[in-house]
Each structure stands twice: as structure tokens, then as C-alpha cells.
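Engineer: Provided herewith is a single structure, encoded as C-alpha cells, for subsequent inquiry.
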Amino acid sequence: MNKQVNIEQILPLVRKPGRYIGGELNAVDKTWEEEQVHFCLIFPDLYEIGMSHQGLQILYHILNQRSDALAHRCFTPDVDMEAALKARRQPLFSLEQRRPLADYDILGITLPYELCFTNILTVLDLAFIPLHAKDRNEQHPIILGGGAAAFNPEPVADFFDAIVLGDGEEIVEELTEQFLQFKQQGQSREEILKQLSTLTGVYVPSFFQPQYNGSRITSVEPLLPEYTSVMRRVLPEMQSPALVSKPLVPIVKPIHDRLGIEIARGCTRGCRFCQAGMTYRPVRERSVDDIMELAEAGITNSGFDELALLSLSTGDYSCLGTLMTKLMDRFADEYVSVSMPSMRVGTLTPVVMDQIKRVRKTGFTVAPEAGTDRLREVINKGISEKDLMDTCQDAFALGWNLIKFYFMIGLPTETDEDVEAIVELARKAKLEAGQGRGGKVKINVSIGTFVPKPHTPFQWEPQISREQSRAKINRLKQILPRKGFALKWHEPEQSYLEGVFSRGDRRLADLILTAWQKGARLDGWSEHFNLNQWQVAADECGIEMDTYLRERTLDEILPWDHLHSGVDRQFLEQELADAKKQLYTEDCRNGGCQQCGICDFETIKPRVNEKKEVSLPPAPLNREKIVKPERTAFVYRVSYSRMGDSRFYGHLEILQLIFRALHRAGLPVLFSQGYNPSPRVSFSQALPVGIESRAEYFYVELGKPLSSLAQTITNLDAQLPATITVTDITLEKKVRQASYCAMYKVTLDEFSENEIQQQVIAFNALDQLVIERIRKKKRRQLDLRPLVASMEAQGHDLFVELLHYHGQAGTNPREVLEHGLHLSPEQALLVRIQKVEIREIETPA
């Protein structure tokens, strides 16, 4: 039986249809019937966010390497896709097989951050799965959660059957083994959940019952005598590089379009506001050799031109200088750059910076967090103003012109002077550290409102109100100089809602459901966020959201007290006391064990490489560009077809896909010069999304001639999706930007042959067809009739020849169908169009 969801009549109507078609390089599509346990891993946000998430990829590959299980993926659809699926009563589906989510045994939903909570309901609703766990039966999948926000999942606990706390690599294997037994024994849903509760790190919310007195929670009562609390699962050491050697390569450009390599997990710095720094302890580093193996395999199998070294504090990696030198020695000649998105002030050394810029200057953000040394002592940041100035001075001296600073407002004990010091610190960085660089130096200041997080020393502290947050941001806007500075901020309204959910309890499930029913969607995106929906919903539910921002006392029950991160409560309380005394807690890498409670020093312990310093000759300073000797270019024209699902790739997506295919095929592509070298590849005119083509091409400039055109076609074809086929490669004298005439075949099955003939006759009789376009707020008129060289009907097929003059305004088949044959915009999007052939023509004078 064909279980595929039919979306052929939906995709042409939605924005970025490439989000929903799957087919990414290294995606796994195993035979359904041959696997016993079927997972669908769901990231509750748009494709662009979810495809950047490292955890999802790790679990995807672990499950698909098993011989008894498969894992597919799904992301929250955008609002237009949600509406289209509902209008046609089509269920939400997996990317790999377009199979309804309700067919899977387990739906594993990531809980990455609080503002995605309504997206979980969108996914379940579109899958035709009851929203509340209590309403599901044996025919429904088990809904499993996990991720950073799982350490207080109480606001969404009613929607989940079970939730994993901590690292998922081992537990997902144990879950699979358990499920094999469940299916063989035919166990009930209740029995399955009782068995899952025996696994370390698995939380079954239905086995705990919160008790309340007014607005306060008084206890969380366990309903099973042997199941009174849940301890976080800790992976003793980083797993084999082979698990993630074939990264998924996205089609639609994600927010982080690069090869991510997790070089370490956990952090020992002890910043008192940082939930991840507490809940991912202890630190576990990969070896340099393992990282090099990951980089080698990942770049070879993906074609990415950037790799990112990921950890909570990449600069603390013990062998960073050695690692950077090895990476750049290996990849610089291939124009693969290295970025480090989470650098700590004081760890971004000149050696590391000079290695980074060997290919291109990837940007970096430094996070002072607070404007004064006093407040940084409160939060245990462990850096001084001098550390920051030294880092900025090194960066500017090595040629960087832009540095991004990240600060928080509303931190415990913060004063007006602390806020205003943010501006003073930015000024000093520009004027003193950037001395001698003139007006080239720029500082971007990003501001976020402090949100107290569970399992941190500041979990008891209050969060400032929206009004206070807005006032602080407005003050910074007033006093930050305009020239050479830019101020960005996270909207206080979104931080407010994040704060409500961060320390919320199960009563908020009604609020989430009500707000979702009123239209709350994609709350992490400012263009969709609407606090008023939440306020109206809160009034209907009788919930005072402001009460969730209040200060907690040390003796009161917290909604997550039955969920343990492994860090002792006594340690958190002592850290809170030390914060108020401005006492520094040393990094346990350097200052010995700080008695946080996570390590047993047998299985669970810090795993840190022996620190080795790298000695390099001093690099020249203030290099203005990467100088590469000019090489003879061999120009080749590559012709290809785009059929089937590839018609839904956007032009920029095709460009990136081709660049990476050329890299993986090992072709000696030449690059441009300058700070950001790019492949010397020139593409034919952009094809509108949704149109197939048998007549696309691009020019590529190579450093040496191809020995066999036929073999190159074979090699390049192997690196492209099955829906894209290389049809020819020819050696050319130069890159030509020519005018051409293109023949399009339009299939009009919804119309009778007589209707089509009459429309064609009427169109061919026209002397002109003037339309109005708006470009950059200016209205312009264009006569489409001279651009249509011919139009002829053959049965239900329409053949249209369009003239495309280089450097001049042109048209496309859909525009001709709308204005010339009077199809509606939706009809023009839904008809099947194919570019059949092209021929070059002279450009008119």
C-alpha cells in the first residue's frame, strides 16, 4: 500500500517548498518493511533551524546504523504549509518517505528552547495525534521528548509520554532495544511507560502528580513507589567519529550552513547564569586525531566550505592551537575556513586568530555578558576589562574590522551604572584597542534580557519586567554613539514569555493550548510573535504570567525538584551566596574539584587532553587580502537537467548545491581573490521555483584541463541528486553571458483543448501586452508581447518560446500565463512547466 502523502498540489503554493521535499545528501531512506522499530525525529521549528541542530543529526545516524531500526525527520511547517495541509486534510509527513507521522512507533521531539512549545502542538495536530498524552491509545506513537529545555519540561509535560534528561546517544539505543521487546510481546501503553521509567534518564510525567496551594506548587507526588525522581543521563566520553562521518547536507540554507564538529561537551567555567554550563557537566574533550578524522570525512562527504568547532567554550579546548594549525594546513588550500562561534574572552589568542584568517575572516562574537568587572564577578564570568581589551587589540591588529559583543541586562545586583558601562566598554574597544585603524573598526553590541534558568545558582532570582527591560534598551540606544557602532537586542516581550516558561509548572499547559488555539505559532520568530495572544489566553485560563518571574525562596518547592541534573542543590545554593559576595569559583580544570557533585571519578569524570602549546612563526600583520598567484583558467560549460523535486530548489540553493558537488567531485575549481574567496562559477539565468528544465547550464573555471569529459560527467552525476543530471560538458574559450530563446512546455490538463486553442489565438493576435511591475517601490511598465517569440497549442500542451536578452528585463512562463491567457496566480503556479531547450540569439542594440 502506498502510504505517501500527496503534496504535489501543495508545494507549488508555499514559500520555500525545498523545506518539505527531503532528498538531502547523506539522508538515509531504509526499506520500511525491513526495519522493526520506526522513529521520526522532529525538530519543532522551521527546517532552517532544525537542520543546524547537531543533536538531531547524531541521533539520526545512530539509529540508522542499526540493522533493526530506521529514523526519518520532520520539522515544523511554516504557517502557509500548515494552512495548505489543513485545507486538503493531508497529514504532516516525514521528509524521507512522506509517510504520515502517525505511522511511526516513536516520535522523538527535540525540546531546544521554550519559545517552540506551541510548535509541538502544531506538529501533533497536523499528524492527527491527540495533543494530550492521556488521550492516546495503543494505535498512537509514543511521543518522546529530549533536549536542553527538558530540564524543566513541566509546561509541556502533559503533551509527552516520556522525556529524556541528558545525553541521548546511549539511551536511544536502549529505547530501541526496549521497543523491540514491546512489539514482540504486544504490551499495553501503560506497561511500555512503566518499563521506560526503569531506564536512567527517562522521565514519564504521568507517573508524577504536582500539588498546588493557590499560585504556589507545594509538592510533586510520585505515583509509583520505586520511581520518585529522575537522574540525568551522562555520556562518559565522546563517541566514535564514525557515527557522524556523513553529515546531512541541507537543501534550503540553514542558519548555520557549515560542517559542525563537536570538539567537547560540557564546560567547567561555572558561569552562574548558564544552564548548559551546569547541565552538561563534566567536560569531555575529543582527541585532536578524532577531530581531524571528523573534519576529513565530513568535508569529503559534504562539500561544505566552512567547518565550525562546537562546544560551550571552544577556546577552552586544551589543544586548540595545535588543532587549528592542523586543520588549516589540511584545508586552507581547498578554501575551507574554520569558525568558532562560542569564543571566550582570553582564549581567542593571536595564534588562533592568525590561523582562522588563512582562508577568510569568519566573524566571531565575544561575550563579556556584563559591563563592569564587579558584575562579571557576581556572575562568575572570570574575565576582566583588560582581558577584553587585549582580545580586541589582537583581533584588530590581525586585520579584523568588526567584533560583536554580547551582553545581558537584568542580571542579579545590576545597577544603572552597570548598564551604562556597556557603552563605555564598547567605546574603549573601538578607540583604544582599535587605535590606528581609523574609521574601519566597528563594534556590534547585542543585548539580551537575563532569564533565570532551572538548575543554575540563579534559578531563585527574579527576572526584570518587560518595561524595565525596554527602559534599559532605550537608555543604551540613547548613549551608544551612532558612528562605528550598532545596537541589536532580543525583544523584551519574547524574553518575558521565555521567562514564564523557563520556571513554569504544568498549569501552563492550558495556557500553551489556549494561545495555540488563538493562533500562536513560531514564537521564536519576531514576525510571528504576538504577546497579545498570550495575554488574552492567560486571562481566559486565569493565569497571572507575571508571577512566574518572581523571586523564589530557598525553602520553596520548585516545579523541577524531582528532576536532577547531577549538580547538587547545595552547590547551587553556595554559588548563589558566593555571587552576592562577589566570590570567584575557580574552573575545575585549573583549581581542582569544586564539589559540584556530578563526577564519581570512575565512570563520570572530566576527560581533558594533555595541553600542548604550538609554536608558530609570527604571521604578518594587517594583511589586506589573501594573495593567490593568478593561474590559467580552463573554462568548461556544464549542461544539466532539473526534473521532479529539484524544480522546488531556489536559485541560491542550486548554486550552493553545485558548488558542493564540484568540491566533492574533486574538480580543480579556481577561486576569486580577496577576503572571501568564492568559486569561479557562472550560472545561467535563474529558473523560477517550480519549473523543470532540460536546458540549464553553468560555466566553471578550472586550474587544469579535464582528462576525460565522459568520466567527469559520471563523477559529477554521482555527487548530484537523482533529479539533477549532467547532460554534457564542453571546453569553451571564455565565459559567455549570452542572450537566448527558450522553449517551454506547459501542460494544461485543467482546460479543454478548445479553450486552450482559443486563448492562444487571442494571444497571438495581440499587438502588445503591457504589465506593471513594482521594483524597489518604483512602478515600471513592460510590454510582454515582444518577448514571446511564439505560442502554439498541441492538445493539452502549450509550447511557448520566450526571448531572454542579456542585461534586459525579461519574463517567465507564469507571467505570460497570468496576463496573456488569464490564468489565476494559483492556476499558474499549479500547472506543470518544463523548459525544453534553449538556443543563443543576438542581443539587440
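Chain labels follow the order of the C-alpha cells: the first chain is A, the next B, and so on; residue numbering restarts at 1 in every chain, and ligands are counted from 1 in their shown order.
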Range 53-268 of chain A: which residues are strand (DSSP E) by DSSP, as number ranges by chain?

Structural biologist: A: 69-75, 106-110, 142-146, 162-164, 202-203, 208-213, 216-222, 230-231, 259-262, 264-265

Engineer: Can you list, as a list in words, all residues belonging to range 353-409 of chain A that DSSP tags as helix (DSSP H, G or I)?

Structural biologist: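 Matching residues for helix (DSSP H, G or I) in range 353-409 of chain A are Met353, Asp354, Gln355, Ile356, Asp373, Arg374, Leu375, Arg376, Glu377, Val378, Glu385, Lys386, Asp387, Leu388, Met389, Asp390, Thr391, Cys392, Gln393, Asp394, Ala395, Phe396 and Ala397 of chain A.
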
Engineer: Please provide the set of residues having any atom within 12 Å of Leu111 in chain A, restricted to only C-alpha atoms, with same-chain residues fewer than 3 positions apart removed, written as JSON, numbers by chain.

Structural biologist: {"A": [41, 42, 43, 44, 45, 50, 53, 55, 56, 108, 114, 115, 116, 117, 118, 119, 120, 144, 145, 146, 147, 148, 149, 150, 151, 152, 153, 154, 155, 156, 157, 160, 163, 164, 165, 166]}

Engineer: Expressed in Å to a single decimal, how great is the separation between CA of Asn64 in chain A and CA of Pro247 in chain A?

Structural biologist: 12.7 Å

Engineer: Which residue out of A:Asn590, A:Gln533, A:Asn380, A:Ser790 has the minimum interatomic distance to Pro457 in chain A when only C-alpha atoms are used?

Structural biologist: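 That would be A:Asn380, the residue with the smallest distance to Pro457 in chain A.
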
Engineer: What's the 7 Å shell around Lys381 in chain A, counting only C-alpha atoms, without same-chain residues fewer than 3 positions away, as a list of chain:residue names?

Structural biologist: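 My list of contacting residues is A:Cys271, A:Arg376, A:Glu377.
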
Engineer: Take the residues from that selection and write them out as a PDB file, in the first residue's frame, keeping all heavy atoms.

Structural biologist:
```pdb
ATOM      1  N   CYS A 271      29.850  29.759  34.956  1.00  0.00           N
ATOM      2  CA  CYS A 271      29.057  30.999  34.893  1.00  0.00           C
ATOM      3  C   CYS A 271      27.706  30.735  35.549  1.00  0.00           C
ATOM      4  O   CYS A 271      27.012  29.772  35.207  1.00  0.00           O
ATOM      5  CB  CYS A 271      28.869  31.439  33.448  1.00  0.00           C
ATOM      6  SG  CYS A 271      30.421  31.857  32.619  1.00  0.00           S
ATOM      7  N   ARG A 376      30.644  41.182  36.514  1.00  0.00           N
ATOM      8  CA  ARG A 376      31.202  39.928  35.988  1.00  0.00           C
ATOM      9  C   ARG A 376      31.678  39.020  37.130  1.00  0.00           C
ATOM     10  O   ARG A 376      31.659  37.795  37.003  1.00  0.00           O
ATOM     11  CB  ARG A 376      32.337  40.226  35.003  1.00  0.00           C
ATOM     12  CG  ARG A 376      31.831  40.722  33.646  1.00  0.00           C
ATOM     13  CD  ARG A 376      32.937  40.776  32.618  1.00  0.00           C
ATOM     14  NE  ARG A 376      33.882  41.845  32.866  1.00  0.00           N
ATOM     15  CZ  ARG A 376      33.724  43.097  32.448  1.00  0.00           C
ATOM     16  NH1 ARG A 376      32.639  43.432  31.750  1.00  0.00           N
ATOM     17  NH2 ARG A 376      34.630  44.013  32.708  1.00  0.00           N
ATOM     18  N   GLU A 377      32.087  39.613  38.250  1.00  0.00           N
ATOM     19  CA  GLU A 377      32.433  38.808  39.421  1.00  0.00           C
ATOM     20  C   GLU A 377      31.183  38.154  40.015  1.00  0.00           C
ATOM     21  O   GLU A 377      31.218  37.001  40.458  1.00  0.00           O
ATOM     22  CB  GLU A 377      33.113  39.679  40.480  1.00  0.00           C
ATOM     23  CG  GLU A 377      34.520  40.117  40.068  1.00  0.00           C
ATOM     24  CD  GLU A 377      35.075  41.196  40.990  1.00  0.00           C
ATOM     25  OE1 GLU A 377      34.336  41.637  41.906  1.00  0.00           O
ATOM     26  OE2 GLU A 377      36.233  41.602  40.798  1.00  0.00           O
TER      27      GLU A 377
END
```

Engineer: Could you check how far CA of Ser245 in chain A sits from CA of Leu657 in chain A, in Å to one decimal?

Structural biologist: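 Answer for the CA of Ser245 in chain A to CA of Leu657 in chain A separation: 19.1 Å.
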
Engineer: As an mmCIF file with all heavy atoms, in the first residue's frame, please: the residues near Ala722 in chain A (cut-off 12 Å, only C-alpha atoms, same-chain neighbours under 2 positions excluded).

Structural biologist:
```cif
data_model
loop_
_atom_site.group_PDB
_atom_site.id
_atom_site.type_symbol
_atom_site.label_atom_id
_atom_site.label_comp_id
_atom_site.auth_asym_id
_atom_site.auth_seq_id
_atom_site.Cartn_x
_atom_site.Cartn_y
_atom_site.Cartn_z
ATOM 1 N N GLY A 23 15.501 14.454 0.399
ATOM 2 C CA GLY A 23 16.490 14.206 -0.646
ATOM 3 C C GLY A 23 17.844 14.816 -0.400
ATOM 4 O O GLY A 23 18.672 14.885 -1.314
ATOM 5 N N GLU A 24 18.138 15.245 0.829
ATOM 6 C CA GLU A 24 19.439 15.832 1.128
ATOM 7 C C GLU A 24 20.550 14.795 0.988
ATOM 8 O O GLU A 24 20.332 13.605 1.215
ATOM 9 C CB GLU A 24 19.478 16.410 2.544
ATOM 10 C CG GLU A 24 18.485 17.523 2.809
ATOM 11 C CD GLU A 24 17.174 17.009 3.352
ATOM 12 O OE1 GLU A 24 16.917 15.780 3.254
ATOM 13 O OE2 GLU A 24 16.394 17.821 3.862
ATOM 14 N N LEU A 25 21.720 15.272 0.637
ATOM 15 C CA LEU A 25 22.879 14.398 0.579
ATOM 16 C C LEU A 25 23.090 13.740 1.945
ATOM 17 O O LEU A 25 23.025 14.404 2.977
ATOM 18 C CB LEU A 25 24.120 15.200 0.190
ATOM 19 C CG LEU A 25 25.407 14.385 0.036
ATOM 20 C CD1 LEU A 25 25.338 13.517 -1.207
ATOM 21 C CD2 LEU A 25 26.617 15.309 -0.025
ATOM 22 N N TYR A 640 22.974 20.655 -17.817
ATOM 23 C CA TYR A 640 22.310 19.696 -16.937
ATOM 24 C C TYR A 640 20.794 19.886 -16.987
ATOM 25 O O TYR A 640 20.291 20.924 -17.445
ATOM 26 C CB TYR A 640 22.812 19.837 -15.497
ATOM 27 C CG TYR A 640 22.505 21.157 -14.830
ATOM 28 C CD1 TYR A 640 21.421 21.283 -13.960
ATOM 29 C CD2 TYR A 640 23.302 22.284 -15.045
ATOM 30 C CE1 TYR A 640 21.141 22.494 -13.326
ATOM 31 C CE2 TYR A 640 23.035 23.495 -14.424
ATOM 32 C CZ TYR A 640 21.954 23.592 -13.575
ATOM 33 O OH TYR A 640 21.672 24.784 -12.961
ATOM 34 N N SER A 641 20.083 18.879 -16.511
ATOM 35 C CA SER A 641 18.627 18.958 -16.419
ATOM 36 C C SER A 641 18.209 18.966 -14.957
ATOM 37 O O SER A 641 18.897 18.399 -14.104
ATOM 38 C CB SER A 641 17.975 17.781 -17.152
ATOM 39 O OG SER A 641 18.308 16.556 -16.516
ATOM 40 N N ARG A 642 17.076 19.597 -14.680
ATOM 41 C CA ARG A 642 16.471 19.635 -13.342
ATOM 42 C C ARG A 642 15.033 19.166 -13.462
ATOM 43 O O ARG A 642 14.197 19.870 -14.015
ATOM 44 C CB ARG A 642 16.472 21.057 -12.785
ATOM 45 C CG ARG A 642 17.799 21.615 -12.409
ATOM 46 C CD ARG A 642 17.650 23.056 -11.951
ATOM 47 N NE ARG A 642 16.671 23.220 -10.897
ATOM 48 C CZ ARG A 642 16.297 24.392 -10.389
ATOM 49 N NH1 ARG A 642 16.826 25.500 -10.856
ATOM 50 N NH2 ARG A 642 15.407 24.453 -9.426
ATOM 51 N N MET A 643 14.759 17.983 -12.951
ATOM 52 C CA MET A 643 13.420 17.420 -13.090
ATOM 53 C C MET A 643 12.879 17.040 -11.713
ATOM 54 O O MET A 643 13.589 17.060 -10.713
ATOM 55 C CB MET A 643 13.455 16.188 -14.004
ATOM 56 C CG MET A 643 14.095 16.440 -15.378
ATOM 57 S SD MET A 643 13.222 17.676 -16.362
ATOM 58 C CE MET A 643 11.753 16.750 -16.769
ATOM 59 N N GLY A 644 11.610 16.666 -11.697
ATOM 60 C CA GLY A 644 10.997 16.174 -10.460
ATOM 61 C C GLY A 644 11.103 17.168 -9.316
ATOM 62 O O GLY A 644 10.874 18.373 -9.475
ATOM 63 N N ASP A 645 11.480 16.667 -8.117
ATOM 64 C CA ASP A 645 11.522 17.516 -6.923
ATOM 65 C C ASP A 645 12.542 18.641 -7.023
ATOM 66 O O ASP A 645 12.425 19.647 -6.313
ATOM 67 C CB ASP A 645 11.834 16.663 -5.691
ATOM 68 C CG ASP A 645 10.616 15.892 -5.199
ATOM 69 O OD1 ASP A 645 9.493 16.201 -5.635
ATOM 70 O OD2 ASP A 645 10.794 14.972 -4.379
ATOM 71 N N SER A 646 13.561 18.495 -7.869
ATOM 72 C CA SER A 646 14.573 19.554 -7.945
ATOM 73 C C SER A 646 14.000 20.845 -8.510
ATOM 74 O O SER A 646 14.643 21.896 -8.432
ATOM 75 C CB SER A 646 15.777 19.106 -8.771
ATOM 76 O OG SER A 646 15.433 18.897 -10.121
ATOM 77 N N LEU A 716 30.580 13.738 -11.607
ATOM 78 C CA LEU A 716 29.751 14.849 -11.134
ATOM 79 C C LEU A 716 28.320 14.389 -10.907
ATOM 80 O O LEU A 716 27.669 14.787 -9.931
ATOM 81 C CB LEU A 716 29.809 15.996 -12.147
ATOM 82 C CG LEU A 716 29.305 17.367 -11.698
ATOM 83 C CD1 LEU A 716 29.937 17.788 -10.383
ATOM 84 C CD2 LEU A 716 29.576 18.410 -12.775
ATOM 85 N N ASP A 717 27.825 13.536 -11.815
ATOM 86 C CA ASP A 717 26.475 12.988 -11.643
ATOM 87 C C ASP A 717 26.331 12.266 -10.317
ATOM 88 O O ASP A 717 25.289 12.336 -9.661
ATOM 89 C CB ASP A 717 26.159 12.011 -12.781
ATOM 90 C CG ASP A 717 25.171 12.597 -13.784
ATOM 91 O OD1 ASP A 717 24.566 13.641 -13.471
ATOM 92 O OD2 ASP A 717 25.016 12.027 -14.871
ATOM 93 N N ALA A 718 27.387 11.558 -9.913
ATOM 94 C CA ALA A 718 27.337 10.787 -8.674
ATOM 95 C C ALA A 718 27.206 11.681 -7.447
ATOM 96 O O ALA A 718 26.783 11.225 -6.380
ATOM 97 C CB ALA A 718 28.591 9.919 -8.558
ATOM 98 N N GLN A 719 27.565 12.955 -7.568
ATOM 99 C CA GLN A 719 27.524 13.890 -6.438
ATOM 100 C C GLN A 719 26.258 14.731 -6.416
ATOM 101 O O GLN A 719 26.079 15.561 -5.527
ATOM 102 C CB GLN A 719 28.755 14.807 -6.472
ATOM 103 C CG GLN A 719 30.071 14.072 -6.383
ATOM 104 C CD GLN A 719 30.201 13.232 -5.135
ATOM 105 O OE1 GLN A 719 29.630 13.558 -4.092
ATOM 106 N NE2 GLN A 719 30.933 12.127 -5.237
ATOM 107 N N LEU A 720 25.392 14.550 -7.418
ATOM 108 C CA LEU A 720 24.175 15.347 -7.524
ATOM 109 C C LEU A 720 22.949 14.510 -7.170
ATOM 110 O O LEU A 720 22.971 13.285 -7.291
ATOM 111 C CB LEU A 720 24.037 15.894 -8.947
ATOM 112 C CG LEU A 720 25.072 16.948 -9.359
ATOM 113 C CD1 LEU A 720 25.040 17.176 -10.867
ATOM 114 C CD2 LEU A 720 24.837 18.258 -8.610
ATOM 115 N N ILE A 724 18.764 15.641 -10.692
ATOM 116 C CA ILE A 724 19.611 16.541 -11.482
ATOM 117 C C ILE A 724 20.627 15.686 -12.234
ATOM 118 O O ILE A 724 21.334 14.886 -11.621
ATOM 119 C CB ILE A 724 20.329 17.566 -10.590
ATOM 120 C CG1 ILE A 724 19.306 18.470 -9.887
ATOM 121 C CG2 ILE A 724 21.295 18.414 -11.415
ATOM 122 C CD1 ILE A 724 19.916 19.509 -8.976
ATOM 123 N N THR A 725 20.686 15.858 -13.558
ATOM 124 C CA THR A 725 21.545 15.019 -14.396
ATOM 125 C C THR A 725 22.412 15.879 -15.299
ATOM 126 O O THR A 725 21.893 16.771 -15.989
ATOM 127 C CB THR A 725 20.695 14.075 -15.268
ATOM 128 O OG1 THR A 725 19.839 13.296 -14.430
ATOM 129 C CG2 THR A 725 21.581 13.145 -16.090
ATOM 130 N N VAL A 726 23.709 15.633 -15.263
ATOM 131 C CA VAL A 726 24.617 16.324 -16.186
ATOM 132 C C VAL A 726 24.451 15.705 -17.574
ATOM 133 O O VAL A 726 24.565 14.482 -17.740
ATOM 134 C CB VAL A 726 26.079 16.198 -15.712
ATOM 135 C CG1 VAL A 726 27.023 16.865 -16.710
ATOM 136 C CG2 VAL A 726 26.243 16.831 -14.338
#
```
